[in-house]
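This is target22.cif (mmCIF, C-alpha atoms and all ligand atoms).
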```cif
data_data
loop_
_atom_site.label_atom_id
_atom_site.label_comp_id
_atom_site.auth_asym_id
_atom_site.auth_seq_id
_atom_site.Cartn_x
_atom_site.Cartn_y
_atom_site.Cartn_z
CA MET A 244 128.08 105.97 112.61
CA ARG A 245 126.53 104.94 109.32
CA ILE A 246 123.35 102.95 109.92
CA VAL A 247 120.70 101.42 107.66
CA PHE A 248 117.28 100.87 109.24
CA ILE A 249 115.07 98.17 107.70
CA GLY A 250 111.59 97.01 108.69
CA PRO A 251 108.15 96.42 107.22
CA PRO A 252 105.71 99.34 106.85
CA GLY A 253 104.53 100.44 110.26
CA ALA A 254 107.27 98.59 112.14
CA GLY A 255 108.08 101.83 113.92
CA LYS A 256 111.19 102.91 112.01
CA GLY A 257 110.15 106.59 112.06
CA THR A 258 109.31 106.39 115.78
CA GLN A 259 112.64 104.79 116.76
CA ALA A 260 114.61 106.92 114.27
CA GLU A 261 113.70 110.06 116.23
CA LYS A 262 115.18 108.55 119.38
CA ILE A 263 118.29 107.29 117.59
CA ILE A 264 119.11 110.69 116.10
CA ALA A 265 118.52 112.42 119.43
CA LYS A 266 120.93 110.11 121.27
CA TYR A 267 123.59 109.52 118.61
CA ALA A 268 123.41 112.99 116.97
CA THR A 269 123.40 111.61 113.48
CA ALA A 270 121.67 112.94 110.33
CA HIS A 271 118.22 111.41 109.67
CA LEU A 272 117.59 110.46 106.06
CA SER A 273 114.01 109.19 105.77
CA THR A 274 113.12 108.53 102.14
CA GLY A 275 109.42 108.36 103.09
CA ASP A 276 109.63 111.88 104.60
CA MET A 277 111.63 113.15 101.60
CA LEU A 278 109.06 111.76 99.15
CA ARG A 279 106.11 113.14 101.13
CA ALA A 280 107.77 116.59 101.21
CA ALA A 281 108.35 116.41 97.43
CA ARG A 282 104.74 115.34 96.89
CA ASP A 283 103.40 118.17 99.06
CA ALA A 284 105.58 120.70 97.23
CA GLN A 285 104.39 119.20 93.90
CA THR A 286 107.93 118.94 92.53
CA GLU A 287 108.49 116.80 89.41
CA VAL A 288 109.75 113.92 91.59
CA GLY A 289 106.87 114.38 94.04
CA VAL A 290 104.22 114.21 91.33
CA LYS A 291 105.80 111.03 89.89
CA ALA A 292 106.20 109.42 93.33
CA GLU A 293 102.62 110.08 94.45
CA LYS A 294 101.02 107.53 92.14
CA TYR A 295 103.26 104.75 93.47
CA MET A 296 102.95 105.73 97.13
CA SER A 297 99.17 106.02 97.06
CA SER A 298 98.85 102.50 95.64
CA GLY A 299 101.35 100.94 98.05
CA GLN A 300 104.08 100.33 95.47
CA LEU A 301 107.72 101.25 95.75
CA VAL A 302 108.78 104.38 93.90
CA PRO A 303 111.19 103.48 91.01
CA ASP A 304 114.80 102.85 91.99
CA ASP A 305 116.33 105.55 89.74
CA ILE A 306 114.37 108.29 91.56
CA LEU A 307 115.40 107.06 95.02
CA ILE A 308 119.03 106.42 94.10
CA ALA A 309 119.42 109.94 92.67
CA MET A 310 117.72 111.43 95.75
CA ILE A 311 119.98 109.63 98.24
CA SER A 312 123.14 110.13 96.22
CA GLU A 313 122.58 113.89 96.31
CA ARG A 314 121.62 113.89 100.00
CA LEU A 315 124.70 111.91 101.10
CA GLN A 316 126.97 114.59 99.70
CA GLN A 317 125.59 117.24 102.03
CA ALA A 318 127.70 118.46 104.94
CA ASP A 319 125.51 117.06 107.73
CA CYS A 320 126.07 113.49 106.46
CA GLN A 321 129.84 113.58 106.71
CA ALA A 322 129.91 112.52 110.37
CA GLY A 323 127.37 109.71 109.85
CA TYR A 324 123.67 109.14 109.23
CA LEU A 325 120.66 106.93 109.76
CA LEU A 326 119.18 105.74 106.48
CA ASP A 327 115.51 105.20 107.36
CA GLY A 328 113.64 103.37 104.56
CA PHE A 329 116.54 103.16 102.10
CA PRO A 330 117.58 100.83 100.54
CA ARG A 331 114.32 98.96 99.91
CA THR A 332 115.46 96.85 96.93
CA ILE A 333 118.62 94.93 96.01
CA ALA A 334 119.26 97.43 93.18
CA GLN A 335 119.15 100.30 95.71
CA ALA A 336 121.49 98.39 98.04
CA GLU A 337 123.99 97.78 95.26
CA ALA A 338 123.87 101.43 94.22
CA LEU A 339 124.44 102.44 97.85
CA ASP A 340 127.42 100.07 98.12
CA GLU A 341 128.94 101.69 95.05
CA MET A 342 128.49 105.22 96.45
CA LEU A 343 130.03 104.20 99.78
CA GLU A 344 132.93 102.35 98.19
CA GLN A 345 133.82 105.39 96.09
CA ASN A 346 134.08 107.48 99.26
CA ASN A 347 135.61 104.74 101.39
CA THR A 348 132.79 105.13 103.95
CA PRO A 349 131.40 101.64 104.67
CA LEU A 350 128.21 101.02 106.66
CA ASP A 351 128.68 100.17 110.35
CA VAL A 352 125.45 98.27 110.90
CA VAL A 353 122.09 97.35 109.37
CA LEU A 354 119.29 97.26 111.96
CA GLU A 355 116.18 95.23 111.24
CA LEU A 356 113.00 95.93 113.21
CA GLN A 357 110.89 92.73 113.33
CA VAL A 358 107.09 93.01 113.79
CA PRO A 359 104.42 90.39 112.86
CA GLU A 360 101.85 91.28 110.15
CA ASP A 361 98.74 91.38 112.35
CA GLU A 362 100.39 93.98 114.59
CA LEU A 363 101.45 96.04 111.52
CA PHE A 364 97.83 96.22 110.34
CA LYS A 365 96.71 97.42 113.78
CA ARG A 366 99.38 100.12 113.98
CA LEU A 367 98.90 101.44 110.46
CA ALA A 368 95.11 101.50 110.73
CA GLY A 369 95.56 103.57 113.90
CA ARG A 370 97.93 106.05 112.23
CA GLY A 371 95.49 106.95 109.39
CA ARG A 372 97.94 108.38 106.81
CA ALA A 373 96.63 108.58 103.19
CA ASP A 374 98.51 105.35 102.29
CA ASP A 375 97.26 103.50 105.39
CA LYS A 376 93.98 102.17 103.87
CA PRO A 377 93.68 98.34 104.30
CA GLU A 378 94.05 97.56 100.56
CA VAL A 379 97.11 99.83 100.30
CA ILE A 380 98.64 98.36 103.48
CA ARG A 381 98.31 94.89 101.91
CA GLU A 382 100.15 96.08 98.78
CA ARG A 383 102.90 97.63 100.88
CA LEU A 384 103.37 94.38 102.80
CA VAL A 385 103.58 92.42 99.54
CA ALA A 386 106.19 94.91 98.27
CA TYR A 387 108.14 94.46 101.50
CA THR A 388 108.13 90.65 101.28
CA LYS A 389 109.02 90.54 97.60
CA GLN A 390 111.37 93.47 97.16
CA THR A 391 112.77 94.46 100.56
CA SER A 392 113.08 91.26 102.62
CA PRO A 393 115.81 89.84 100.28
CA LEU A 394 118.00 92.62 101.72
CA LEU A 395 118.12 90.74 105.03
CA GLU A 396 120.10 87.92 103.44
CA TYR A 397 122.14 90.43 101.44
CA TYR A 398 123.31 92.27 104.55
CA SER A 399 123.55 89.18 106.72
CA GLY A 400 125.99 87.79 104.11
CA LYS A 401 128.11 90.90 104.61
CA GLY A 402 128.06 90.41 108.40
CA LEU A 403 126.20 93.70 108.96
CA LEU A 404 122.70 92.61 110.04
CA GLN A 405 121.43 93.02 113.62
CA SER A 406 117.77 92.22 114.32
CA VAL A 407 115.65 93.82 117.03
CA ASN A 408 112.21 92.69 118.26
CA GLY A 409 109.84 95.56 117.41
CA LEU A 410 107.09 94.39 119.79
CA GLY A 411 106.80 96.10 123.16
CA SER A 412 106.83 99.69 124.33
CA VAL A 413 108.76 102.33 122.38
CA GLU A 414 111.22 102.54 125.32
CA GLU A 415 111.74 98.77 125.52
CA ILE A 416 112.49 98.60 121.81
CA PHE A 417 114.85 101.56 121.98
CA ALA A 418 116.76 99.90 124.84
CA GLN A 419 117.51 96.94 122.54
CA ILE A 420 118.60 99.31 119.77
CA GLU A 421 120.92 101.14 122.17
CA THR A 422 122.53 97.84 123.16
CA GLN A 423 123.28 97.17 119.50
CA LEU A 424 124.42 100.69 118.56
CA ASP A 425 126.63 101.22 121.61
CA CYS A 426 128.94 98.54 120.15
CA TYR A 427 129.71 100.77 117.16
CA LYS A 428 130.24 104.14 118.90
P1 LIG D 501 107.91 105.21 105.00
O1 LIG D 501 107.66 106.62 105.31
O2 LIG D 501 109.30 104.68 105.12
O3 LIG D 501 106.86 104.50 105.94
P2 LIG D 501 106.57 103.27 106.86
O4 LIG D 501 107.50 102.15 106.53
O5 LIG D 501 105.12 103.04 106.67
O6 LIG D 501 106.67 103.67 108.38
P3 LIG D 501 107.53 103.37 109.70
O7 LIG D 501 108.11 101.99 109.79
O8 LIG D 501 108.49 104.52 109.77
O9 LIG D 501 106.47 103.41 110.87
P4 LIG D 501 106.13 104.50 112.02
O10 LIG D 501 107.27 104.76 112.92
O11 LIG D 501 105.50 105.65 111.35
O12 LIG D 501 107.46 104.88 103.45
C1 LIG D 501 106.24 105.32 102.85
C2 LIG D 501 106.21 105.03 101.32
O13 LIG D 501 107.26 105.77 100.62
C3 LIG D 501 106.49 103.57 100.88
O14 LIG D 501 105.34 102.78 100.95
C4 LIG D 501 107.01 103.78 99.41
O15 LIG D 501 105.95 103.95 98.49
C5 LIG D 501 107.80 105.07 99.48
N1 LIG D 501 109.26 104.84 99.70
C6 LIG D 501 109.98 105.23 100.80
N2 LIG D 501 111.27 104.86 100.68
C7 LIG D 501 111.38 104.20 99.48
C8 LIG D 501 112.46 103.54 98.80
N3 LIG D 501 113.68 103.48 99.33
N4 LIG D 501 112.20 102.97 97.60
C9 LIG D 501 111.00 103.02 97.04
N5 LIG D 501 109.93 103.62 97.63
C10 LIG D 501 110.10 104.19 98.85
O16 LIG D 501 105.07 103.69 112.87
C11 LIG D 501 103.81 103.29 112.39
C12 LIG D 501 102.74 103.38 113.48
O17 LIG D 501 103.03 102.51 114.56
C13 LIG D 501 102.63 104.78 114.10
O18 LIG D 501 101.28 105.10 114.25
C14 LIG D 501 103.30 104.65 115.46
O19 LIG D 501 102.76 105.51 116.44
C15 LIG D 501 103.02 103.20 115.81
N6 LIG D 501 104.06 102.62 116.65
C16 LIG D 501 105.40 102.82 116.55
N7 LIG D 501 106.07 102.11 117.48
C17 LIG D 501 105.11 101.41 118.19
C18 LIG D 501 105.15 100.48 119.28
N8 LIG D 501 106.30 100.12 119.86
N9 LIG D 501 103.98 99.96 119.74
C19 LIG D 501 102.81 100.32 119.17
N10 LIG D 501 102.69 101.20 118.13
C20 LIG D 501 103.84 101.74 117.64
#
```
Please lay out the structure from this file as structure tokens.
Ligand code: B4P
Amino acid sequence: MRIVFIGPPGAGKGTQAEKIIAKYATAHLSTGDMLRAARDAQTEVGVKAEKYMSSGQLVPDDILIAMISERLQQADCQAGYLLDGFPRTIAQAEALDEMLEQNNTPLDVVLELQVPEDELFKRLAGRGRADDKPEVIRERLVAYTKQTSPLLEYYSGKGLLQSVNGLGSVEEIFAQIETQLDCYK
């Protein structure tokens, strides 16, 4: 299965992604995790990405597109994957479409996790990561609304979008995700 996972910062994508990969045995491609690993290792990409991440902005498209293009060619992605946090802009989505068309490997489904803003603030404040300060959270939500939410219409137009209510217990939310994903097995 080839899945894209979309949701605002703190919606619980990382939390649900762990459960999805455990049940559906698919590769987990989290661009947030990849960028944090690059930042911690102080690679050229990591150093560049850090200044965007720490201020709540999206890292430039060319960096992310190159990172995912390379990752998708690895052996563990051949049987399917969960793209967690990518694409986050229309330019990234179009680049992904091109990569997938070239290999004749279309997406099966785009899952959206829906959570209201006041709940996102509560969750992120509780997590306490370096980019979870209130002023940075606000920036990340603005970036989501402006740059990422247009993807919902983009994928809905392609008949790929399935939305899941991200409020409730982790298990309740995962049960809804299973209902959706079991249709594509
Ligand atoms: P990400 O790592 O993708 O981070 P996220 O959206 O903040 O987190 P997520 O939705 O996974 O939430 P989580 O499960 O942790 O991105 C970080 C940064 O990287 C971006 O801001 C950007 O700068 C950069 N970046 C990444 N991809 C990019 C791209 N494609 N293009 C450009 N830039 C990119 O959950 C959050 C909290 O909620 C946790 O504390 C969790 O315990 C809690 N929680 C989860 N489920 C819950 C539930 N059901 N009830 C209550 N709490 C819950």
### Message
Give me, as a ChimeraX atom specification, the set of residues whose atoms come within 6 Å of any atom of ligand LIG 501 (chain D), counting only C-alpha atoms and all ligand atoms.
### Response
/A:251-258,274-276,295-296,299-302,307,328-331,366-367,369-370,383,410-413
### Task
Choose the residue, out of A:Val290, A:Val353, A:Leu272, A:Asp361, that has the smallest atom-to-atom separation from Leu394 (chain A); count all atoms listed in the file.
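Residue with the minimum atom-to-atom distance to Leu394 (chain A): A:Val353.
Distance check against Glu355 (chain A) using only C-alpha atoms: of A:Ile264, A:Ala368, A:Ile416, A:Leu339, the minimum falls on A:Ile416.
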